[in-house]
Amino acid sequence: MPLIFAMLPILPLALLIVFSPYVGLFQPPITLNTTTAMLFSLFVSLVFVGCHTRNMRKTFDAFSSFWKGMGNVFGSVVTLIVASEIFSKGLISLGFIDSLVDYSTHIGLSGIAIAAVFALIIFCAAMLMGSGNAAFFSFGPLLPGIAGQLGMPAYSLVLPLQLSASMGRAASPIAGIIVAIAGVAGVSPIELAKRNTLPLIGSILFLIAYHFITL
């Protein structure tokens with residue numbers, strides 16, 4: 001492929017930055033959401049593929065692979081999210097929040113310690129599930145209630161847990177992105193996940209410490 005094709009994956013991000021109201025390049029600002037940026041970038045990519053291959057069939061084959069890939073990802077991720085939502089609702093119905101807070105208070109854990117424990121749990125869950133969203137949504141509905149009972153703002157629990165879920169996904173050998181990168185690099189997904197695990201564990205520990213020091 002021509003080297004210019006390497007710019008196509010970052011085109012949606014570039015569009016979102018250029019048209020962001022926070023950047024303020026256009027007055028009045030032009031609203032561009034993520035879906036529009038992705039679809040616009042898709043058609044730009046098809047133009048590049050068509051000019052490169054000069055074959056309409058190959059161009060539409062590339063177009064078809066986009067939808068097939070999206071369907072595969074949606075099938076796995078949405079299933080995990082639905083399952084995790086049922087899981088979290090079950091925990092709420094069983095009184096998990098009250099039990100966790102009461103037990104943590106009884107043994108002397110502070111809100112910061114509970115947040116650290118939850119961050120590590122979600123990190124490990126994301127590694128097992130291969131999806132940061134599914135791991136985060138498993139516990140996400142529980143967090144406002146826990147934060148309220150501990151007298152903490154909800155964001156002080158949500159933010160580190162959301163980031164720990166993303167880091168756990170990067171250390172999962174079954175995550176789609178890890179499998180894809182391992183295929184490109186010609187290495188085993190397990191080896192790639194092992195390489196990522198130690199730096200990411202250090203990162204999550206630093207994240208928790210920095211978050212609560214600056215909170």
# chains A, B, ... in the order shown; residues from 1 in each chain; ligands from 1
call {"tool": "residues_around", "arguments": {"residues": "Ser156 of chain A", "least_positions_apart": "2", "cutoff": "10 Å", "atoms": "only C-alpha atoms", "output": "NGL selection string"}}
result
:A and (111-112 or 115 or 143-144 or 147 or 152-154 or 158-161 or 211-212 or 215)
call {"tool": "write_last_selection", "arguments": {"atoms": "N, CA, C and O atoms", "output": "compact mmCIF listing (two decimals), in the first residue's frame"}}
result
# COMPACT_ATOMS: atom_id res chain seq x y z
N GLY A 111 -12.72 5.69 51.37
CA GLY A 111 -13.24 5.72 50.01
C GLY A 111 -12.15 5.56 48.97
O GLY A 111 -12.35 4.93 47.93
N ILE A 112 -10.96 6.09 49.26
CA ILE A 112 -9.83 5.97 48.33
C ILE A 112 -9.42 4.51 48.20
O ILE A 112 -9.15 4.02 47.10
N ALA A 115 -11.93 2.67 46.08
CA ALA A 115 -11.73 3.01 44.67
C ALA A 115 -10.54 2.25 44.10
O ALA A 115 -10.59 1.76 42.97
N LEU A 143 -21.48 2.51 40.99
CA LEU A 143 -20.56 3.53 41.50
C LEU A 143 -21.24 4.75 42.11
O LEU A 143 -20.80 5.21 43.17
N PRO A 144 -22.30 5.34 41.50
CA PRO A 144 -22.91 6.51 42.14
C PRO A 144 -23.43 6.20 43.54
O PRO A 144 -23.30 7.03 44.45
N ALA A 147 -20.40 5.92 45.88
CA ALA A 147 -19.82 7.24 46.12
C ALA A 147 -20.69 8.06 47.07
O ALA A 147 -20.18 8.75 47.96
N MET A 152 -18.39 10.82 48.71
CA MET A 152 -17.45 11.21 47.68
C MET A 152 -18.20 11.61 46.43
O MET A 152 -19.29 11.10 46.16
N PRO A 153 -17.68 12.53 45.62
CA PRO A 153 -18.31 12.82 44.31
C PRO A 153 -18.21 11.61 43.40
O PRO A 153 -17.21 10.87 43.43
N ALA A 154 -19.24 11.38 42.58
CA ALA A 154 -19.28 10.19 41.74
C ALA A 154 -18.10 10.11 40.78
O ALA A 154 -17.57 9.03 40.52
N VAL A 158 -15.73 7.11 39.22
CA VAL A 158 -15.96 6.72 37.82
C VAL A 158 -14.71 6.90 36.97
O VAL A 158 -14.36 6.02 36.17
N LEU A 159 -14.01 8.02 37.12
CA LEU A 159 -12.88 8.33 36.24
C LEU A 159 -11.75 7.31 36.33
O LEU A 159 -11.34 6.74 35.31
N PRO A 160 -11.21 7.00 37.52
CA PRO A 160 -10.12 6.01 37.56
C PRO A 160 -10.56 4.63 37.13
O PRO A 160 -9.78 3.88 36.53
N LEU A 161 -11.83 4.27 37.39
CA LEU A 161 -12.30 2.94 37.00
C LEU A 161 -12.47 2.83 35.48
O LEU A 161 -12.18 1.78 34.89
N HIS A 211 -4.53 10.50 40.90
CA HIS A 211 -5.91 10.97 40.89
C HIS A 211 -6.33 11.45 42.28
O HIS A 211 -6.93 12.53 42.43
N PHE A 212 -6.01 10.67 43.30
CA PHE A 212 -6.48 11.02 44.63
C PHE A 212 -5.57 12.04 45.33
O PHE A 212 -6.00 12.70 46.27
N LEU A 215 -7.03 15.20 43.74
CA LEU A 215 -8.49 15.34 43.84
C LEU A 215 -8.85 16.49 44.80
O LEU A 215 -8.35 16.55 45.89
call {"tool": "residues_around", "arguments": {"residues": "Met167 of chain A", "least_positions_apart": "4", "cutoff": "10 Å", "atoms": "only C-alpha atoms", "output": "PyMOL selection string"}}
result
chain A and resi 122-124+126-127+132+161-163+171-172+196-197+199-201+203-204
call {"tool": "atom_distance", "arguments": {"atom1": "atom CA of Tyr210 of chain A", "atom2": "atom CA of Ala125 of chain A"}}
result
22.4 Å
call {"tool": "closest_residue", "arguments": {"among": "A:Ser20, A:Ser45, A:Asn33, A:Ser164", "to": "Ile4 of chain A", "atoms": "only C-alpha atoms"}}
result
A:Ser45
call {"tool": "residues_around", "arguments": {"residues": "Ile10 of chain A", "least_positions_apart": "6", "cutoff": "12 Å", "atoms": "only C-alpha atoms", "output": "PDB file with N, CA and C atoms, in the first residue's frame"}}
result
ATOM      1  N   ILE A   4       0.747   6.963   2.028  1.00  0.00           N
ATOM      2  CA  ILE A   4      -0.305   7.898   2.413  1.00  0.00           C
ATOM      3  C   ILE A   4      -1.490   7.195   3.051  1.00  0.00           C
ATOM      4  N   LEU A  16     -12.373  15.436  14.000  1.00  0.00           N
ATOM      5  CA  LEU A  16     -13.011  15.810  15.259  1.00  0.00           C
ATOM      6  C   LEU A  16     -12.247  16.937  15.948  1.00  0.00           C
ATOM      7  N   ILE A  17     -10.921  16.925  15.835  1.00  0.00           N
ATOM      8  CA  ILE A  17     -10.123  17.991  16.444  1.00  0.00           C
ATOM      9  C   ILE A  17     -10.291  19.301  15.679  1.00  0.00           C
ATOM     10  N   ALA A  37     -17.936  11.729  11.313  1.00  0.00           N
ATOM     11  CA  ALA A  37     -16.503  11.709  11.004  1.00  0.00           C
ATOM     12  C   ALA A  37     -16.072  10.332  10.511  1.00  0.00           C
ATOM     13  N   MET A  38     -16.589   9.291  11.131  1.00  0.00           N
ATOM     14  CA  MET A  38     -16.231   7.926  10.715  1.00  0.00           C
ATOM     15  C   MET A  38     -16.738   7.627   9.305  1.00  0.00           C
ATOM     16  N   SER A  41     -14.808   9.570   6.697  1.00  0.00           N
ATOM     17  CA  SER A  41     -13.482   8.969   6.518  1.00  0.00           C
ATOM     18  C   SER A  41     -13.565   7.662   5.746  1.00  0.00           C
ATOM     19  N   LEU A  42     -14.656   6.924   5.968  1.00  0.00           N
ATOM     20  CA  LEU A  42     -14.853   5.672   5.223  1.00  0.00           C
ATOM     21  C   LEU A  42     -14.918   5.941   3.728  1.00  0.00           C
ATOM     22  N   SER A  45     -11.627   6.913   2.321  1.00  0.00           N
ATOM     23  CA  SER A  45     -10.784   5.722   2.188  1.00  0.00           C
ATOM     24  C   SER A  45     -11.148   4.923   0.942  1.00  0.00           C
TER      25      SER A  45
END
call {"tool": "residues_around", "arguments": {"residues": "Val49 of chain A", "least_positions_apart": "6", "cutoff": "12 Å", "atoms": "only C-alpha atoms", "output": "PyMOL selection string"}}
result
chain A and resi 1-2+4-5+8+42-43+55-63
call {"tool": "write_last_selection", "arguments": {"atoms": "C-alpha atoms", "output": "compact mmCIF listing (two decimals), in the first residue's frame"}}
result
# COMPACT_ATOMS: atom_id res chain seq x y z
CA MET A 1 0.00 0.00 0.00
CA PRO A 2 1.16 3.59 -0.58
CA ILE A 4 -0.30 7.90 2.41
CA PHE A 5 -2.73 5.12 3.40
CA LEU A 8 -6.44 7.20 6.85
CA LEU A 42 -14.85 5.67 5.22
CA PHE A 43 -15.84 7.21 1.89
CA ASN A 55 -10.90 -1.96 -9.79
CA MET A 56 -14.50 -1.38 -8.74
CA ARG A 57 -14.94 -4.93 -7.43
CA LYS A 58 -11.94 -4.70 -5.10
CA THR A 59 -13.16 -1.32 -3.89
CA PHE A 60 -16.56 -2.71 -2.96
CA ASP A 61 -14.90 -5.74 -1.34
CA ALA A 62 -13.07 -3.30 0.93
CA PHE A 63 -16.39 -1.58 1.61
call {"tool": "atom_distance", "arguments": {"atom1": "atom CA of Ala6 of chain A", "atom2": "atom CA of Ile181 of chain A"}}
result
14.6 Å
call {"tool": "atom_distance", "arguments": {"atom1": "atom CA of Ala193 of chain A", "atom2": "atom CA of Gly176 of chain A"}}
result
11.8 Å
